[in-house]
Amino acid sequence: MNVVVTGGAGFIGAHIVDALAERGNLVVAVDDESGGDFQNVYASSVLRRRLDCGNFAAMKELYLKHGIDTVVHCAANAREGTSAFQPDAVTRRNMGAYAATLSAAIAAGVKNVVLFSSMAVYGDQKPPFEEATPPKPVDVYGLNKASMEAMTAQLSGLHGINYVVIRPHNVFGERQSLSDKHRNVVAIFMNRIMRGEPLFIYGDGEQKRAFSYIADSLPCFIAATERCARLHNEIINVGSTEHLTVNQLADAVCEEMGVPSYPRDHLPERPLEVKTAFPTYTKSEKLLDYAESVGWKEGIRRMAAWAKAQGPQKWRNSDPLEIITEKTPKPWIMELE
Ligand SMILES: NC(=O)c1ccc[n+]([C@@H]2O[C@H](COP(=O)([O-])OP(=O)(O)OC[C@H]3O[C@@H](n4cnc5c(N)ncnc54)[C@H](O)[C@@H]3O)[C@@H](O)[C@H]2O)c1
């Protein structure tokens with residue numbers, strides 16, 4: 001395959017480009033490094049292009065130049081929690097950038113599209129979330145992902161493209177940004193511990209999620225890419241079969257970081273946060289051979305070892321919040337001080 005991976009310098013994207021390159025494909029990683037870094041990409045054969053995938057003309061030229069047959073779209077501002085406070089940035093980097101990526105792909109004759117959506121499309125419906133359940137997002141990020149899915153479905157028949165939608169959930173692991181204050185609770189906990197800052201937990205910490213280690217999900221991401229034409233039109237949840245609370249997660253992270261009784265502050269509930277969110281996984285087992293070889297607990301251990309090797313990181317933010325009011329959670333405002 002000749003593949004473009006947008007967001008290829010990000011956490012999931014970098015794992016995908018390396019795995020696809022190892023399997024002998026021609027791989028072009030496209031990223032504007034707003035949230036990722038090309039240092040995340042290890043394989044020397046991967047072509048690195050620092051580019052906004054929302055640039056239609058540049059993307060079309062890139063597809064034609066490299067004879068691209070498959071696009072894996074990972075690029076995003078994936079900060080679900082802050083999306084009510086930065087709807088402009090989140091919409092430009094999700095729906096906006098994807099419209100250009102997809103439109104240029106169709107115009108250049110690309111046949112296969114793998115779209116990274118999110119469990120956020122389910123909103124606060126009753127878990128476990130099944131793929132056939134109509135989306136009912138409760139935040140701007142989820143609305144964007146649901147619209148991106150719908151746009152793909154609308155254009156695929158008319159223009160003759162194959163697509164697979166992946167709905168990952170709460171993925172963590174090595175190469176995840178440790179410096180993003182707004183997203184990925186595992187990485188935030190680890191960096192706060194290394195920086196000597198107390199952990200903060202929104203609400204009572206009894207929110208339930210299916211935290212998923214990257215090495216367990218990655219084979220499904222690759223299988224979806226390789227089987228895109230065959231799996232045409234499928235929407236597939238991908239991630240852990242187990243779920244746990246944020247309090248249990250905090251215990252495990254503190255233990256693996258070597259500070260079992262590390263202090264924790266409880267803050268008011270985060271606006272629009274869904275309390276219990278975990279999906280079904282049988283479709284991923286059937287269509288993508290999902291099998292958990294590592295599991296979340298060992299995954300935390302491995303990520304903690306990696307994080308300690310990286311050391312404490314400065315907080316950085318490429319997309320500042322647009323709306324600061326009394327509703328904005330304090331830790332997000334403090335970053336501006
Ligand atoms: N990590 C998770 O738990 C999770 C869960 C559900 C869905 N997802 C989805 O999976 C995908 C990958 O997530 P991730 O965790 O690797 O995020 P990430 O932030 O690590 O990677 C996203 C990458 O996209 C890049 N990017 C953003 N806007 C761009 C643009 N306009 N042009 C080019 N590059 C751009 C960023 O620089 C970053 O490297 C995203 O679409 C996300 O919504 C992730």
# chains A, B, ... in the order shown; residues from 1 in each chain; ligands from 1

$ closest_atom_pairs --of "chain A" --to "ligand 1" --cutoff "8 Å" --atoms "only C-alpha atoms and all ligand atoms" --output "Markdown table"
| residue | atom | partner | partner_atom_place_in_ligand_line | distance |
| --- | --- | --- | --- | --- |
| A:Thr6 | CA | ligand 1 | 34 (N) | 5.9 |
| A:Gly7 | CA | ligand 1 | 24 (O) | 3.4 |
| A:Gly8 | CA | ligand 1 | 39 (O) | 6.2 |
| A:Ala9 | CA | ligand 1 | 39 (O) | 4.5 |
| A:Gly10 | CA | ligand 1 | 39 (O) | 3.2 |
| A:Phe11 | CA | ligand 1 | 16 (O) | 3.7 |
| A:Ile12 | CA | ligand 1 | 16 (O) | 3.7 |
| A:Gly13 | CA | ligand 1 | 16 (O) | 5.4 |
| A:Ala14 | CA | ligand 1 | 16 (O) | 7.6 |
| A:Val30 | CA | ligand 1 | 33 (C) | 5.9 |
| A:Asp31 | CA | ligand 1 | 34 (N) | 3.5 |
| A:Asp32 | CA | ligand 1 | 33 (C) | 4.3 |
| A:Glu33 | CA | ligand 1 | 37 (O) | 3.7 |
| A:Ser34 | CA | ligand 1 | 37 (O) | 3.8 |
| A:Gly35 | CA | ligand 1 | 37 (O) | 3.6 |
| A:Gly36 | CA | ligand 1 | 39 (O) | 3.1 |
| A:Asp37 | CA | ligand 1 | 39 (O) | 6.1 |
| A:Arg50 | CA | ligand 1 | 33 (C) | 7.4 |
| A:Leu51 | CA | ligand 1 | 33 (C) | 5.7 |
| A:Asp52 | CA | ligand 1 | 32 (N) | 3.5 |
| A:Cys53 | CA | ligand 1 | 32 (N) | 4.0 |
| A:Gly54 | CA | ligand 1 | 31 (N) | 5.1 |
| A:Asn55 | CA | ligand 1 | 31 (N) | 8.0 |
| A:His73 | CA | ligand 1 | 41 (O) | 6.8 |
| A:Cys74 | CA | ligand 1 | 41 (O) | 4.1 |
| A:Ala75 | CA | ligand 1 | 24 (O) | 3.3 |
| A:Ala76 | CA | ligand 1 | 27 (C) | 4.3 |
| A:Asn77 | CA | ligand 1 | 27 (C) | 5.4 |
| A:Ala78 | CA | ligand 1 | 43 (O) | 4.3 |
| A:Arg79 | CA | ligand 1 | 43 (O) | 7.8 |
| A:Arg92 | CA | ligand 1 | 31 (N) | 7.6 |
| A:Arg93 | CA | ligand 1 | 28 (N) | 4.9 |
| A:Asn94 | CA | ligand 1 | 28 (N) | 7.4 |
| A:Ala97 | CA | ligand 1 | 31 (N) | 5.2 |
| A:Leu115 | CA | ligand 1 | 41 (O) | 7.7 |
| A:Phe116 | CA | ligand 1 | 41 (O) | 4.8 |
| A:Ser117 | CA | ligand 1 | 7 (C) | 5.5 |
| A:Ser118 | CA | ligand 1 | 7 (C) | 4.0 |
| A:Met119 | CA | ligand 1 | 6 (C) | 6.0 |
| A:Ala120 | CA | ligand 1 | 6 (C) | 7.4 |
| A:Lys145 | CA | ligand 1 | 43 (O) | 7.7 |
| A:Arg167 | CA | ligand 1 | 7 (C) | 6.2 |
| A:Pro168 | CA | ligand 1 | 6 (C) | 4.4 |
| A:His169 | CA | ligand 1 | 5 (C) | 4.1 |
| A:Asn170 | CA | ligand 1 | 3 (O) | 3.5 |
| A:Val171 | CA | ligand 1 | 3 (O) | 3.6 |
| A:Phe172 | CA | ligand 1 | 3 (O) | 6.3 |
| A:Gln176 | CA | ligand 1 | 20 (O) | 6.0 |
| A:Ser177 | CA | ligand 1 | 20 (O) | 6.3 |
| A:Asn184 | CA | ligand 1 | 3 (O) | 6.7 |
| A:Ser212 | CA | ligand 1 | 3 (O) | 7.8 |

$ closest_atom_pairs --of "region 238-316 of chain A" --to "region 123-126 of chain A" --cutoff "10 Å" --atoms "only C-alpha atoms" --output "tab-separated table"
residue	atom	partner	partner_atom	distance
A:Leu272	CA	A:Asp124	CA	9.3
A:Glu273	CA	A:Asp124	CA	8.6
A:Val274	CA	A:Asp124	CA	5.5
A:Lys275	CA	A:Asp124	CA	7.6
A:Thr276	CA	A:Asp124	CA	7.6
A:Ala277	CA	A:Asp124	CA	7.4
A:Phe278	CA	A:Lys126	CA	9.3
A:Pro279	CA	A:Lys126	CA	9.7

$ write_last_selection --atoms "N, CA and C atoms" --output "mmCIF file, in the first residue's frame"
data_model
loop_
_atom_site.group_PDB
_atom_site.id
_atom_site.type_symbol
_atom_site.label_atom_id
_atom_site.label_comp_id
_atom_site.auth_asym_id
_atom_site.auth_seq_id
_atom_site.Cartn_x
_atom_site.Cartn_y
_atom_site.Cartn_z
ATOM 1 N N LEU A 272 -20.052 18.870 31.298
ATOM 2 C CA LEU A 272 -20.441 17.955 30.207
ATOM 3 C C LEU A 272 -19.741 16.595 30.249
ATOM 4 N N GLU A 273 -19.030 16.289 31.341
ATOM 5 C CA GLU A 273 -18.347 14.995 31.374
ATOM 6 C C GLU A 273 -19.346 13.853 31.578
ATOM 7 N N VAL A 274 -19.213 12.819 30.754
ATOM 8 C CA VAL A 274 -20.073 11.640 30.861
ATOM 9 C C VAL A 274 -19.553 10.777 32.010
ATOM 10 N N LYS A 275 -20.462 10.269 32.849
ATOM 11 C CA LYS A 275 -20.026 9.537 34.055
ATOM 12 C C LYS A 275 -19.490 8.136 33.720
ATOM 13 N N THR A 276 -20.246 7.396 32.946
ATOM 14 C CA THR A 276 -19.835 6.018 32.654
ATOM 15 C C THR A 276 -19.823 5.812 31.153
ATOM 16 N N ALA A 277 -18.676 5.444 30.626
ATOM 17 C CA ALA A 277 -18.549 5.331 29.171
ATOM 18 C C ALA A 277 -17.626 4.175 28.822
ATOM 19 N N PHE A 278 -18.224 3.113 28.333
ATOM 20 C CA PHE A 278 -17.409 2.020 27.792
ATOM 21 C C PHE A 278 -18.208 1.313 26.705
ATOM 22 N N PRO A 279 -17.532 0.865 25.664
ATOM 23 C CA PRO A 279 -18.251 0.286 24.524
ATOM 24 C C PRO A 279 -18.191 -1.239 24.501
#

$ select_by_dssp --residues "region 169-336 of chain A" --states "alpha helix (DSSP H)" --output "PyMOL selection string"
chain A and resi 185-195+214-226+246-256+282-288+296-310+330-334

$ closest_residue --among "A:Ala150, A:Ala210, A:Ala215, A:Val165" --to "Phe129 (chain A)" --atoms "only C-alpha atoms"
A:Ala210

$ closest_residue --among "A:Ala187, A:Gly196, A:Glu242, A:Glu206" --to "Met303 (chain A)" --atoms "only C-alpha atoms"
A:Ala187

$ closest_atom_pairs --of "region 250-295 of chain A" --to "region 223-237 of chain A" --cutoff "7 Å" --atoms "only C-alpha atoms" --output "JSON lines"
{"residue": "A:Pro279", "atom": "CA", "partner": "A:Asn237", "partner_atom": "CA", "distance": 6.7}
{"residue": "A:Thr280", "atom": "CA", "partner": "A:Asn237", "partner_atom": "CA", "distance": 6.9}
{"residue": "A:Tyr281", "atom": "CA", "partner": "A:Asn237", "partner_atom": "CA", "distance": 6.2}
{"residue": "A:Lys283", "atom": "CA", "partner": "A:Ile236", "partner_atom": "CA", "distance": 6.4}
{"residue": "A:Ser284", "atom": "CA", "partner": "A:Ile236", "partner_atom": "CA", "distance": 6.0}
{"residue": "A:Leu288", "atom": "CA", "partner": "A:Ala223", "partner_atom": "CA", "distance": 5.8}

$ closest_residue --among "A:Ala108, A:Glu256, A:Gly142, A:Thr152" --to "Trp306 (chain A)" --atoms "only C-alpha atoms"
A:Glu256

$ residues_around --residues "Leu218 (chain A)" --least-positions-apart "5" --cutoff "10 Å" --atoms "only C-alpha atoms" --output "list in words"
Ile12, His15, Ile16, Ala19, Tyr213, Ala223, Ala224, Val238, Gly239 and Tyr290 of chain A

$ closest_residue --among "A:Val17, A:Ile333, A:Ala250, A:Ala99" --to "Leu47 (chain A)" --atoms "only C-alpha atoms"
A:Val17

$ closest_residue --among "A:Val164, A:Val186, A:Val46, A:Val121" --to "Asp139 (chain A)" --atoms "only C-alpha atoms"
A:Val121

$ closest_residue --among "A:Met194, A:Leu62, A:Leu249, A:Ala132" --to "Trp296 (chain A)" --atoms "only C-alpha atoms"
A:Leu249

$ atom_distance --atom1 "CA of Phe189 (chain A)" --atom2 "CA of Gln86 (chain A)"
22.7 Å
